[in-house]
Structure formats: C-alpha cells, structure tokens
file coords.cif (mmCIF, C-alpha atoms)
data_input
#
loop_
_atom_site.label_atom_id
_atom_site.label_comp_id
_atom_site.auth_asym_id
_atom_site.auth_seq_id
_atom_site.Cartn_x
_atom_site.Cartn_y
_atom_site.Cartn_z
CA MET A 5 -7.60 0.76 41.75
CA THR A 6 -9.50 0.36 38.50
CA THR A 7 -8.25 2.08 35.34
CA GLN A 8 -11.72 2.17 33.80
CA ARG A 9 -12.96 5.67 33.10
CA HIS A 10 -16.08 6.77 34.94
CA TYR A 11 -17.91 8.91 32.40
CA GLY A 12 -20.43 9.99 35.00
CA MET A 13 -17.72 11.80 36.94
CA ASP A 14 -16.64 13.51 33.71
CA TRP A 15 -20.18 14.74 33.17
CA LEU A 16 -20.42 15.82 36.79
CA ARG A 17 -17.24 17.89 36.38
CA ILE A 18 -18.59 19.48 33.19
CA GLY A 19 -21.90 20.24 34.88
CA ALA A 20 -20.23 21.70 37.98
CA PHE A 21 -18.28 24.22 35.92
CA ALA A 22 -21.32 25.06 33.80
CA LEU A 23 -23.20 25.80 37.02
CA LEU A 24 -20.33 28.03 38.15
CA ILE A 25 -20.73 30.15 35.01
CA LEU A 26 -24.49 30.52 35.62
CA TYR A 27 -23.80 31.39 39.25
CA HIS A 28 -21.44 34.20 38.28
CA ILE A 29 -23.99 35.55 35.82
CA GLY A 30 -26.40 35.61 38.77
CA MET A 31 -23.90 37.70 40.73
CA TYR A 32 -24.74 40.62 38.42
CA PHE A 33 -28.32 40.64 39.74
CA VAL A 34 -28.17 39.54 43.39
CA PRO A 35 -27.70 42.19 46.13
CA TRP A 36 -24.27 40.91 47.24
CA ASP A 37 -20.97 42.74 46.78
CA TRP A 38 -19.44 42.11 43.37
CA HIS A 39 -17.53 43.90 40.62
CA VAL A 40 -20.59 45.25 38.79
CA LYS A 41 -24.30 45.24 39.64
CA ILE A 42 -27.56 45.88 37.85
CA ASP A 43 -29.39 48.89 39.28
CA PRO A 44 -31.57 48.13 41.12
CA THR A 45 -30.54 44.66 42.28
CA ILE A 46 -33.13 41.88 42.69
CA ASP A 47 -33.59 40.35 46.15
CA TRP A 48 -35.30 37.10 45.09
CA VAL A 49 -32.33 36.03 42.95
CA ALA A 50 -30.59 35.15 46.23
CA LEU A 51 -32.89 32.13 46.70
CA PRO A 52 -31.75 30.07 43.66
CA MET A 53 -28.19 31.19 44.39
CA TYR A 54 -28.42 29.84 47.94
CA ALA A 55 -29.83 26.57 46.60
CA THR A 56 -26.34 25.82 45.22
CA ASN A 57 -24.21 27.94 47.53
CA GLY A 58 -23.42 25.23 50.06
CA TRP A 59 -22.14 22.59 47.63
CA ARG A 60 -21.03 24.08 44.31
CA LEU A 61 -17.43 24.89 45.36
CA PRO A 62 -16.78 21.70 47.39
CA LEU A 63 -18.16 19.76 44.42
CA LEU A 64 -15.57 21.41 42.16
CA PHE A 65 -12.79 20.30 44.49
CA LEU A 66 -14.25 16.79 44.77
CA VAL A 67 -14.40 16.22 41.01
CA SER A 68 -10.92 17.76 40.74
CA GLY A 69 -9.62 15.31 43.34
CA TYR A 70 -11.13 12.45 41.37
CA ALA A 71 -9.59 13.71 38.11
CA ASN A 72 -6.16 14.17 39.71
CA ALA A 73 -6.19 10.63 41.10
CA ALA A 74 -7.08 9.35 37.63
CA LEU A 75 -4.24 11.38 36.10
CA LEU A 76 -1.73 9.89 38.53
CA VAL A 77 -2.31 6.46 36.98
CA LYS A 78 -0.93 7.78 33.67
CA LEU A 79 2.20 9.37 35.17
CA ASP A 80 5.41 7.89 36.53
CA GLY A 81 5.42 8.78 40.20
CA ALA A 82 4.98 11.82 42.43
CA GLY A 83 7.60 13.96 40.68
CA ALA A 84 6.04 13.59 37.25
CA PHE A 85 2.61 14.25 38.78
CA ALA A 86 3.81 17.46 40.46
CA ARG A 87 5.51 18.69 37.26
CA SER A 88 2.49 17.93 35.12
CA ARG A 89 0.04 19.60 37.49
CA SER A 90 2.26 22.65 37.93
CA ALA A 91 2.55 23.19 34.18
CA ARG A 92 -1.18 22.74 33.60
CA LEU A 93 -2.20 25.04 36.47
CA LEU A 94 0.50 27.65 37.03
CA ILE A 95 1.04 28.68 33.39
CA PRO A 96 -2.65 29.55 32.79
CA LEU A 97 -2.78 31.10 36.28
CA ALA A 98 0.04 33.49 35.38
CA PHE A 99 -1.53 34.22 31.99
CA GLY A 100 -4.86 34.86 33.66
CA ILE A 101 -3.45 37.23 36.29
CA ILE A 102 -1.51 39.22 33.69
CA VAL A 103 -3.92 39.27 30.74
CA VAL A 104 -7.39 37.93 31.53
CA ILE A 105 -8.15 39.30 35.00
CA PRO A 106 -7.24 43.05 34.78
CA PRO A 107 -10.56 44.24 33.25
CA GLN A 108 -12.40 43.02 36.37
CA PRO A 109 -10.74 45.30 38.96
CA TRP A 110 -10.76 48.16 36.44
CA VAL A 111 -14.56 47.89 36.05
CA GLU A 112 -14.97 47.77 39.83
CA LEU A 113 -12.69 50.75 40.41
CA VAL A 114 -14.39 52.85 37.74
CA GLY A 115 -17.94 51.92 38.73
CA GLN A 116 -17.62 51.88 42.53
CA HIS A 117 -14.57 54.00 43.42
CA GLY A 118 -14.53 56.75 40.80
CA TYR A 119 -11.27 55.67 39.13
CA PRO A 120 -10.72 58.33 36.44
CA HIS A 121 -8.48 56.56 33.90
CA GLY A 122 -9.09 54.19 31.01
CA PHE A 123 -8.21 50.53 30.98
CA LEU A 124 -4.86 50.79 29.20
CA ARG A 125 -3.66 53.43 31.68
CA PHE A 126 -4.84 51.21 34.54
CA TRP A 127 -3.16 48.09 33.14
CA THR A 128 0.17 49.71 32.41
CA SER A 129 0.42 52.09 35.37
CA ASP A 130 -1.70 50.85 38.29
CA TYR A 131 -2.47 47.15 37.97
CA PHE A 132 1.05 45.89 38.73
CA ARG A 133 1.55 48.10 41.77
CA PHE A 134 1.75 45.16 44.24
CA GLY A 135 -0.33 47.15 46.68
CA THR A 136 -3.91 48.33 47.11
CA LEU A 137 -6.03 50.75 45.12
CA GLY A 138 -9.55 51.51 46.32
CA GLY A 139 -9.22 48.67 48.79
CA ILE A 140 -8.44 46.15 46.01
CA VAL A 141 -5.12 44.29 46.16
CA LEU A 142 -3.35 44.54 42.80
CA PRO A 143 -2.41 42.49 40.88
CA THR A 144 -5.09 39.96 41.74
CA TRP A 145 -6.15 36.44 40.87
CA GLN A 146 -9.91 37.10 41.42
CA HIS A 147 -11.91 33.98 40.44
CA LEU A 148 -8.70 32.10 39.67
CA TRP A 149 -8.27 31.59 43.42
CA PHE A 150 -9.68 28.13 42.73
CA VAL A 151 -6.62 27.34 40.59
CA VAL A 152 -4.31 28.52 43.37
CA TYR A 153 -6.06 26.32 45.93
CA LEU A 154 -6.20 23.35 43.57
CA TRP A 155 -2.47 23.60 42.82
CA THR A 156 -1.74 23.77 46.55
CA TYR A 157 -3.81 20.66 47.23
CA THR A 158 -2.21 18.74 44.36
CA MET A 159 1.24 19.63 45.66
CA LEU A 160 0.24 18.35 49.10
CA ALA A 161 -0.94 15.14 47.43
CA ALA A 162 2.35 14.84 45.53
CA LEU A 163 4.29 15.37 48.76
CA LEU A 164 2.34 12.60 50.46
CA LEU A 165 2.86 10.31 47.49
CA ALA A 166 6.59 10.89 47.68
CA ALA A 167 6.88 10.61 51.48
CA VAL A 168 4.52 7.74 52.29
CA PRO A 169 5.32 4.20 51.07
CA ALA A 170 2.80 2.62 48.72
CA ALA A 171 1.82 -0.06 51.24
CA MET A 172 1.03 2.54 53.89
CA ARG A 173 -0.92 4.62 51.37
CA GLY A 174 -3.00 1.57 50.59
CA TRP A 175 -3.61 0.95 54.28
CA ILE A 176 -4.71 4.58 54.78
CA ALA A 177 -7.02 4.45 51.76
CA ASP A 178 -8.55 1.19 52.98
CA GLY A 179 -9.14 2.69 56.42
CA ALA A 180 -10.72 5.83 54.97
CA ALA A 181 -12.94 3.73 52.69
CA ARG A 182 -14.10 1.68 55.70
CA LEU A 183 -14.79 4.86 57.64
CA LEU A 184 -17.02 6.13 54.82
CA SER A 185 -18.70 2.85 53.97
CA GLY A 186 -22.47 2.49 54.14
CA TRP A 187 -24.46 5.31 55.68
CA ARG A 188 -21.34 6.76 57.25
CA LEU A 189 -20.65 8.29 53.84
CA LEU A 190 -23.47 10.73 54.64
CA ILE A 191 -22.75 11.25 58.30
CA VAL A 192 -18.98 11.52 58.79
CA PRO A 193 -18.20 14.32 56.27
CA MET A 194 -21.32 16.21 57.37
CA LEU A 195 -20.16 16.09 60.98
CA TRP A 196 -16.73 17.31 59.89
CA TRP A 197 -18.20 20.32 58.12
CA LEU A 198 -20.41 21.10 61.12
CA ALA A 199 -17.40 20.84 63.44
CA VAL A 200 -15.43 23.27 61.25
CA TYR A 201 -18.33 25.73 61.38
CA GLY A 202 -18.65 25.27 65.14
CA ALA A 203 -14.95 26.01 65.61
CA PHE A 204 -14.89 29.02 63.24
CA PRO A 205 -18.43 30.43 63.10
CA GLU A 206 -17.33 33.96 62.19
CA HIS A 207 -14.97 33.06 59.35
CA ASP A 208 -15.75 34.47 55.91
CA GLU A 209 -13.82 32.93 53.05
CA THR A 210 -11.06 35.21 51.79
CA HIS A 211 -9.75 33.20 48.82
CA ALA A 212 -6.35 34.63 49.73
CA LEU A 213 -4.77 31.21 50.51
CA PHE A 214 -2.83 32.01 53.70
CA ASP A 215 -5.66 33.34 55.90
CA ASP A 216 -8.38 30.93 54.81
CA GLY A 217 -7.80 27.94 57.10
CA PRO A 218 -11.45 26.97 57.76
CA ALA A 219 -12.16 26.97 54.03
CA HIS A 220 -9.18 24.68 53.47
CA LEU A 221 -10.56 22.27 56.06
CA ARG A 222 -13.73 21.93 53.99
CA TYR A 223 -12.21 21.98 50.52
CA LEU A 224 -9.33 19.63 51.33
CA MET A 225 -11.83 17.12 52.69
CA ALA A 226 -13.83 17.33 49.45
CA PHE A 227 -10.66 17.00 47.36
CA GLY A 228 -9.62 13.97 49.41
CA ALA A 229 -13.08 12.40 49.11
CA GLY A 230 -12.92 12.72 45.33
CA TRP A 231 -9.44 11.16 45.32
CA LEU A 232 -10.68 8.30 47.51
CA LEU A 233 -13.61 7.64 45.18
CA ARG A 234 -11.11 7.05 42.41
CA VAL A 235 -8.66 4.85 44.29
CA ARG A 236 -11.40 2.93 46.13
CA PRO A 237 -14.29 2.82 43.62
CA ALA A 238 -16.15 0.37 45.86
CA LEU A 239 -17.36 3.53 47.62
CA PHE A 240 -19.75 4.03 44.72
CA ALA A 241 -21.73 1.18 46.27
CA ALA A 242 -22.23 3.33 49.38
CA VAL A 243 -23.28 6.21 47.16
CA ALA A 244 -25.78 3.98 45.35
CA ARG A 245 -27.29 2.95 48.67
CA CYS A 246 -27.91 6.40 50.08
CA TRP A 247 -28.03 8.98 47.27
CA LYS A 248 -31.84 9.09 47.08
CA VAL A 249 -32.09 9.71 50.82
CA ALA A 250 -29.34 12.31 50.43
CA ALA A 251 -31.37 14.09 47.75
CA LEU A 252 -34.42 14.20 50.04
CA LEU A 253 -32.33 15.48 52.95
CA GLY A 254 -30.85 18.14 50.68
CA LEU A 255 -34.32 19.41 49.79
CA LEU A 256 -35.41 19.42 53.43
CA ALA A 257 -32.21 21.17 54.56
CA PHE A 258 -32.82 23.92 52.02
CA LEU A 259 -36.13 24.84 53.65
CA PRO A 260 -34.60 26.68 56.67
CA ILE A 261 -32.08 28.33 54.34
CA MET A 262 -34.92 29.60 52.17
CA TRP A 263 -36.98 30.66 55.20
CA VAL A 264 -34.17 32.68 56.79
CA GLU A 265 -33.29 34.38 53.50
CA SER A 266 -36.95 35.18 52.74
CA THR A 267 -37.66 36.49 56.24
CA TRP A 268 -34.57 38.68 56.53
CA SER A 269 -33.87 39.53 52.89
CA GLY A 270 -31.65 42.23 51.43
CA ASP A 271 -29.80 44.31 54.03
CA MET A 272 -31.92 43.10 56.98
CA ARG A 273 -29.85 41.33 59.63
CA ALA A 274 -31.26 38.11 61.05
CA PRO A 275 -30.95 37.33 64.79
CA ASP A 276 -28.01 35.20 65.85
CA TRP A 277 -30.06 32.02 66.26
CA ALA A 278 -31.39 32.34 62.72
CA ILE A 279 -27.88 32.92 61.36
CA ALA A 280 -26.69 29.77 63.16
CA LEU A 281 -29.65 27.79 61.79
CA PHE A 282 -28.88 29.07 58.30
CA HIS A 283 -25.24 27.97 58.41
CA VAL A 284 -25.92 24.58 60.00
CA ALA A 285 -28.56 23.83 57.36
CA ARG A 286 -26.15 25.03 54.68
CA ARG A 287 -23.46 22.58 55.81
CA VAL A 288 -25.94 19.70 55.95
CA GLN A 289 -27.42 20.53 52.57
CA GLY A 290 -23.96 21.01 51.06
CA TRP A 291 -22.65 17.51 51.73
CA VAL A 292 -25.86 15.53 51.11
CA ALA A 293 -26.38 17.38 47.81
CA ILE A 294 -22.90 16.32 46.70
CA VAL A 295 -23.63 12.67 47.56
CA ALA A 296 -26.92 12.89 45.66
CA LEU A 297 -25.22 14.36 42.60
CA ILE A 298 -22.54 11.66 42.62
CA GLY A 299 -25.34 9.10 42.82
CA VAL A 300 -27.11 10.61 39.82
CA ALA A 301 -23.84 10.71 37.88
CA ASP A 302 -23.07 7.09 38.72
CA ARG A 303 -26.57 5.81 38.00
CA TYR A 304 -27.56 7.78 34.91
CA TRP A 305 -24.55 9.55 33.38
CA ASN A 306 -21.88 6.84 33.27
CA ARG A 307 -21.89 6.60 29.49
CA ASP A 308 -19.83 8.18 26.75
CA HIS A 309 -20.88 10.66 24.09
CA PRO A 310 -19.06 11.88 20.97
CA LYS A 311 -18.81 15.39 22.45
CA ARG A 312 -17.78 14.41 25.98
CA ALA A 313 -14.03 14.64 25.41
CA MET A 314 -14.36 18.08 23.82
CA PHE A 315 -16.60 19.36 26.63
CA ALA A 316 -14.19 18.00 29.23
CA GLU A 317 -11.25 19.72 27.52
CA ALA A 318 -13.15 23.01 27.19
CA VAL A 319 -13.97 23.23 30.91
CA PHE A 320 -10.72 24.86 32.02
CA PRO A 321 -10.50 27.49 29.24
CA PHE A 322 -14.16 28.35 29.84
CA TYR A 323 -13.42 28.77 33.53
CA ILE A 324 -10.42 31.03 32.91
CA ILE A 325 -12.24 33.55 30.74
CA HIS A 326 -15.90 33.43 31.78
CA GLN A 327 -15.93 35.93 34.66
CA THR A 328 -14.08 38.63 32.75
CA ILE A 329 -16.65 38.36 29.96
CA ILE A 330 -19.51 38.61 32.47
CA VAL A 331 -18.02 41.63 34.26
CA VAL A 332 -17.19 43.57 31.08
CA ALA A 333 -20.52 42.78 29.42
CA GLY A 334 -22.33 43.63 32.65
CA TRP A 335 -20.53 46.97 32.80
CA TYR A 336 -21.77 47.97 29.37
CA LEU A 337 -25.29 46.68 30.09
CA LEU A 338 -25.38 48.75 33.28
CA ARG A 339 -24.24 51.88 31.45
CA ALA A 340 -26.89 51.30 28.78
CA GLY A 341 -29.63 50.83 31.40
CA VAL A 342 -30.75 47.46 30.03
CA ALA A 343 -33.53 45.78 32.04
CA ALA A 344 -33.05 42.56 34.00
CA LEU A 345 -34.46 39.90 31.64
CA PRO A 346 -32.72 41.11 28.47
CA SER A 347 -29.56 41.63 30.54
CA PHE A 348 -29.65 37.99 31.64
CA LEU A 349 -30.18 36.73 28.10
CA ILE A 350 -27.42 38.94 26.72
CA LEU A 351 -25.01 37.94 29.48
CA LEU A 352 -25.74 34.26 28.89
CA ALA A 353 -25.28 34.52 25.13
CA ALA A 354 -22.18 36.73 25.35
CA THR A 355 -20.54 34.49 27.95
CA MET A 356 -21.13 31.28 26.03
CA LEU A 357 -19.99 32.81 22.74
CA GLY A 358 -16.94 34.47 24.30
CA CYS A 359 -15.92 31.31 26.15
CA TRP A 360 -16.29 29.22 23.02
CA LEU A 361 -14.21 31.63 20.92
CA PHE A 362 -11.51 31.74 23.62
CA TYR A 363 -11.36 27.94 23.63
CA ALA A 364 -11.65 27.43 19.87
CA ILE A 365 -8.97 29.98 19.00
CA GLY A 366 -6.66 28.93 21.81
CA ARG A 367 -6.78 25.22 21.03
CA SER A 368 -6.00 25.81 17.36
CA ILE A 369 -2.78 27.80 18.00
CA GLY A 370 0.03 25.71 19.43
CA TRP A 371 1.72 28.30 21.64
CA LEU A 372 -1.61 29.46 23.09
CA ARG A 373 -2.69 26.01 24.26
CA PRO A 374 -0.70 25.90 27.53
CA LEU A 375 -1.74 29.49 28.30
CA ILE A 376 -5.41 28.50 28.38
CA GLY A 377 -4.82 25.26 30.28
CA LEU A 378 -4.61 22.76 27.40
CA GLN A 379 -1.90 20.20 26.73
CA ARG A 380 0.64 20.90 24.04
CA ARG A 381 -0.02 19.00 20.87
#

call {"tool": "encode", "arguments": {"input": "coords.cif", "output": "structure tokens"}}
result
Amino acid sequence: MTTQRHYGMDWLRIGAFALLILYHIGMYFVPWDWHVKIDPTIDWVALPMYATNGWRLPLLFLVSGYANAALLVKLDGAGAFARSRSARLLIPLAFGIIVVIPPQPWVELVGQHGYPHGFLRFWTSDYFRFGTLGGIVLPTWQHLWFVVYLWTYTMLAALLLAAVPAAMRGWIADGAARLLSGWRLLIVPMLWWLAVYGAFPEHDETHALFDDGPAHLRYLMAFGAGWLLRVRPALFAAVARCWKVAALLGLLAFLPIMWVESTWSGDMRAPDWAIALFHVARRVQGWVAIVALIGVADRYWNRDHPKRAMFAEAVFPFYIIHQTIIVVAGWYLLRAGVAALPSFLILLAATMLGCWLFYAIGRSIGWLRPLIGLQRR
C-alpha cells in the first residue's frame, strides 16, 4: 500500500460534502417531505435533485472508506484505529444530538403539527423524552445518521483488522482487486446494487441503523470499495480505463429517471413498471457516476493547493451544522413569505456564512475542537 497522498480523493471528499449542503438547500423547495417547505413547492426542482440522488450518499461512504484506510497507516493497529475513530465521531455526534439538532424537530413540530411552545420549552421539557411527539422520535440524530453509520462501519473494519491476520487480509484485498480489475469495476458493483434492489424492492431507507439492512448492503459496499482503492491503488488504472464510458452511461441512465419524474411529477403515482424502471436506472446511474467522478478526481484533481488542508478540515464541522442553519433560516423565510429565488440566495449565503463561523470559532477554542469533529491541538 502506498503512503502517498491522493489529493484528488481529498478534493472529491470536499466536493461530495459541498454537494450535500446544496442538496439540503434544495429540500426546502422540492415537493418531498422535509422539516420546512416553501409554499408552494416547485415540482421541477426534483429533476436536478434526482440527477445526484443515486450516487451522492454512496460517494460519501466511498470517500470516507478511502480516508479511513489512509488514517490506519498513521495509527498503531486496530485498537488505536477504533479509539481514534470513536473519539472523532461519537463526541461530535453526542454534541450534535444534544445541542445542534434540536431546532430541526422543533421547526417541524411547530410548522406541521401545531406544537404550541417555544424552542426553550421544547428543548428542556420535550426533546429528551425518549419517545415520540407528533410522530417524531425524540431525541433524534436527524442528518447525523451518516455519522452513526460511518462509526458502525469503521468499527466493523477495526474488528476485521483485529480478527484477521495480516497475510489473510492481503490475500482478501488482492482477490477483491482482481475481481474489480478492468471493466469489471463497472459491472460487478452495479450488479450488486441491482441484486439488492431486486431482493428488497419495497425498502425505503430509514436511517435508523437497525432496520435499514438493504441500505447497509449498498453503503458498506461503497465504504469497502473506497478502502480497497486506498490499499490497492492499482485499481486507479481500472478507473482510468473506463471512467469516460462510465460518465456516458451515467448520462444515458439518467434519461429514464428524468422521463419517469417528468411524466408522473408531484403527487402522481407512476405504474409499477415505470417505478421499477426508475429504480433500476437509478442504481445503474449511481455506480457509474461514482466511477466517473473518481476518474475525474484522479485525472484532473490530484494536485495540492494552499487551501486544500483547511477545506478538508472544515468538511466535518460544516456537515454537523449545515442542516440546522438551513431549517431555521427556511422557517423564517417561510413565515416572511419570501419568494423562491431570493429564498435560495439567502439560504445559500446564510448556510455558508453560518458554517464558516461555526468552523472558525470552534477551531480557535481548544475545548470546542473535539465537539465539532476536529483534533485537539
């Protein structure tokens, strides 16, 4: 395994989280269930959302798998890896659940369920009920479900590192790299995702960890693929060979997705065959888009920049705080009756400014750093 840093994968990680923030801003406008919605919602916003819907979350797990494999090189064994990952993930998770997340369910309860009390009353009296209120389980991890899943996957990786001898791990990695060599890099994971959909066609992701098995089958594969890219970097040669074809396939696979969404938009229900076509195309587009993006990152982005390290460090704090800013700002925009375009511009500016302040203040105060996901000085 090489110890050389792949800057392209750093930039891909930064870009994936930036896209996530834009996606959650879009959730204010699209006619899907969410904490707060512009009135009226805008049907066409679903099309650019669906363009990324099939690959944005698996991509996050893939780049996280790559980053975790790189981190392992710096640590002394599985135990140190598990301790390091637990501190970096569970401390900000707890801080987020207790402090950052509560405004989100409060906004939803007030706006959609007629909750009559202010935020402080909600936070001190109702949020920590360890039960449901208006159908919402409280307390909640909301968008921080990703942190919960990522910690679970890293603990599984640490367990395998501790239980499987190094020679056998090398043999497994070599076998997996051979399985994904050449054009099989496109085909094998795609077939896996299609098989998962075929076995569980009715499953909707819950983000509740214990009842989300089909989602784990997809996300664990992506996490493992990212890990394998790090420990067997020769796989980048397979990416270089097929990423342009993957990009073309991704564009073609989006056409039936766009057609189904345009034909049966809003609350209209598509026939079963169209729903099946939509989900099959979504799985195909999801994996080939990821391969194409890795190819772009490897070919064009594998170079350093004076701001790269800062951007890479800021990713996790931005992720922790961004959705709360969007929900709260959206709530006040909705109450003020602000139109769609100025709402988007205000949400974008408020989110970027709020995220930056959260990161800048947190990184400058020693005891706050671990709470927002940064290393102690």

call {"tool": "closest_residue", "arguments": {"input": "coords.cif", "among": "A:Val332, A:Ile176, A:Ala212, A:Leu233", "to": "Val152 in chain A", "atoms": "all atoms listed in the file"}}
result
A:Ala212

call {"tool": "residues_around", "arguments": {"input": "coords.cif", "residues": "Phe320 in chain A", "least_positions_apart": "5", "cutoff": "8 Å", "atoms": "only C-alpha atoms", "output": "list in words"}}
result
Ile376, Gly377 and Leu378 of chain A

call {"tool": "residues_around", "arguments": {"input": "coords.cif", "residues": "Gly83 in chain A", "least_positions_apart": "3", "cutoff": "8 Å", "atoms": "all atoms listed in the file", "output": "PyMOL selection string"}}
result
chain A and resi 80+86-87+162+166

call {"tool": "resolve_selection", "arguments": {"input": "coords.cif", "expression": "the PyMOL selection byres ((chain A and resi 318) around 10)", "output": "list of chain:residue names"}}
result
A:Ile18, A:Arg312, A:Ala313, A:Met314, A:Phe315, A:Ala316, A:Glu317, A:Val319, A:Phe320, A:Pro321, A:Phe322, A:Tyr323, A:Cys359, A:Trp360, A:Phe362, A:Tyr363, A:Ala364, A:Arg367, A:Ile376, A:Gly377, A:Leu378

call {"tool": "closest_residue", "arguments": {"input": "coords.cif", "among": "A:Pro109, A:Gly58, A:Pro35, A:Pro96", "to": "Val331 in chain A", "atoms": "only C-alpha atoms"}}
result
A:Pro109

call {"tool": "residues_near_point", "arguments": {"input": "coords.cif", "point": "(-14.9, 41.3, 38.3)", "cutoff": "7 Å", "atoms": "only C-alpha atoms", "output": "list in words"}}
result
Trp38, His39, Val40, Gln108, Pro109, Val111, Glu112, Gln327, Thr328 and Val331 of chain A

call {"tool": "resolve_selection", "arguments": {"input": "coords.cif", "expression": "the PyMOL selection byres ((chain A and resi 66) around 6)", "output": "PDB file with C-alpha atoms, in the frame of the given file"}}
result
ATOM      1  CA  LEU A  63     -18.160  19.760  44.420  1.00  0.00           C
ATOM      2  CA  LEU A  64     -15.570  21.410  42.160  1.00  0.00           C
ATOM      3  CA  PHE A  65     -12.790  20.300  44.490  1.00  0.00           C
ATOM      4  CA  VAL A  67     -14.400  16.220  41.010  1.00  0.00           C
ATOM      5  CA  SER A  68     -10.920  17.760  40.740  1.00  0.00           C
ATOM      6  CA  GLY A  69      -9.620  15.310  43.340  1.00  0.00           C
ATOM      7  CA  ALA A 226     -13.830  17.330  49.450  1.00  0.00           C
ATOM      8  CA  PHE A 227     -10.660  17.000  47.360  1.00  0.00           C
ATOM      9  CA  GLY A 230     -12.920  12.720  45.330  1.00  0.00           C
TER      10      GLY A 230
END

call {"tool": "closest_residue", "arguments": {"input": "coords.cif", "among": "A:Val114, A:Leu137, A:Val249, A:Ala285", "to": "Trp197 in chain A", "atoms": "all atoms listed in the file"}}
result
A:Ala285

call {"tool": "atom_distance", "arguments": {"input": "coords.cif", "atom1": "CA of Thr144 in chain A", "atom2": "CA of His326 in chain A"}}
result
16.1 Å

call {"tool": "residues_around", "arguments": {"input": "coords.cif", "residues": "Leu113 in chain A", "least_positions_apart": "6", "cutoff": "10 Å", "atoms": "only C-alpha atoms", "output": "PDB file with C-alpha atoms, in the frame of the given file"}}
result
ATOM      1  CA  HIS A  39     -17.530  43.900  40.620  1.00  0.00           C
ATOM      2  CA  VAL A  40     -20.590  45.250  38.790  1.00  0.00           C
ATOM      3  CA  PRO A 107     -10.560  44.240  33.250  1.00  0.00           C
ATOM      4  CA  TYR A 119     -11.270  55.670  39.130  1.00  0.00           C
ATOM      5  CA  PRO A 120     -10.720  58.330  36.440  1.00  0.00           C
ATOM      6  CA  HIS A 121      -8.480  56.560  33.900  1.00  0.00           C
ATOM      7  CA  PHE A 126      -4.840  51.210  34.540  1.00  0.00           C
ATOM      8  CA  LEU A 137      -6.030  50.750  45.120  1.00  0.00           C
ATOM      9  CA  GLY A 138      -9.550  51.510  46.320  1.00  0.00           C
ATOM     10  CA  GLY A 139      -9.220  48.670  48.790  1.00  0.00           C
ATOM     11  CA  ILE A 140      -8.440  46.150  46.010  1.00  0.00           C
TER      12      ILE A 140
END

call {"tool": "closest_atom_pairs", "arguments": {"input": "coords.cif", "of": "range 23-67 of chain A", "to": "range 343-349 of chain A", "cutoff": "10 Å", "atoms": "all atoms listed in the file", "output": "Markdown table"}}
result
| residue | atom | partner | partner_atom | distance |
| --- | --- | --- | --- | --- |
| A:Leu26 | CA | A:Phe348 | CA | 9.9 |
| A:Ile29 | CA | A:Phe348 | CA | 7.4 |
| A:Gly30 | CA | A:Phe348 | CA | 8.2 |
| A:Tyr32 | CA | A:Phe348 | CA | 8.8 |
| A:Phe33 | CA | A:Ala344 | CA | 7.7 |
| A:Ile42 | CA | A:Ala344 | CA | 7.5 |
| A:Asp43 | CA | A:Ala343 | CA | 8.9 |
| A:Pro44 | CA | A:Ala344 | CA | 9.2 |
| A:Thr45 | CA | A:Ala344 | CA | 8.9 |
| A:Ile46 | CA | A:Ala344 | CA | 8.7 |
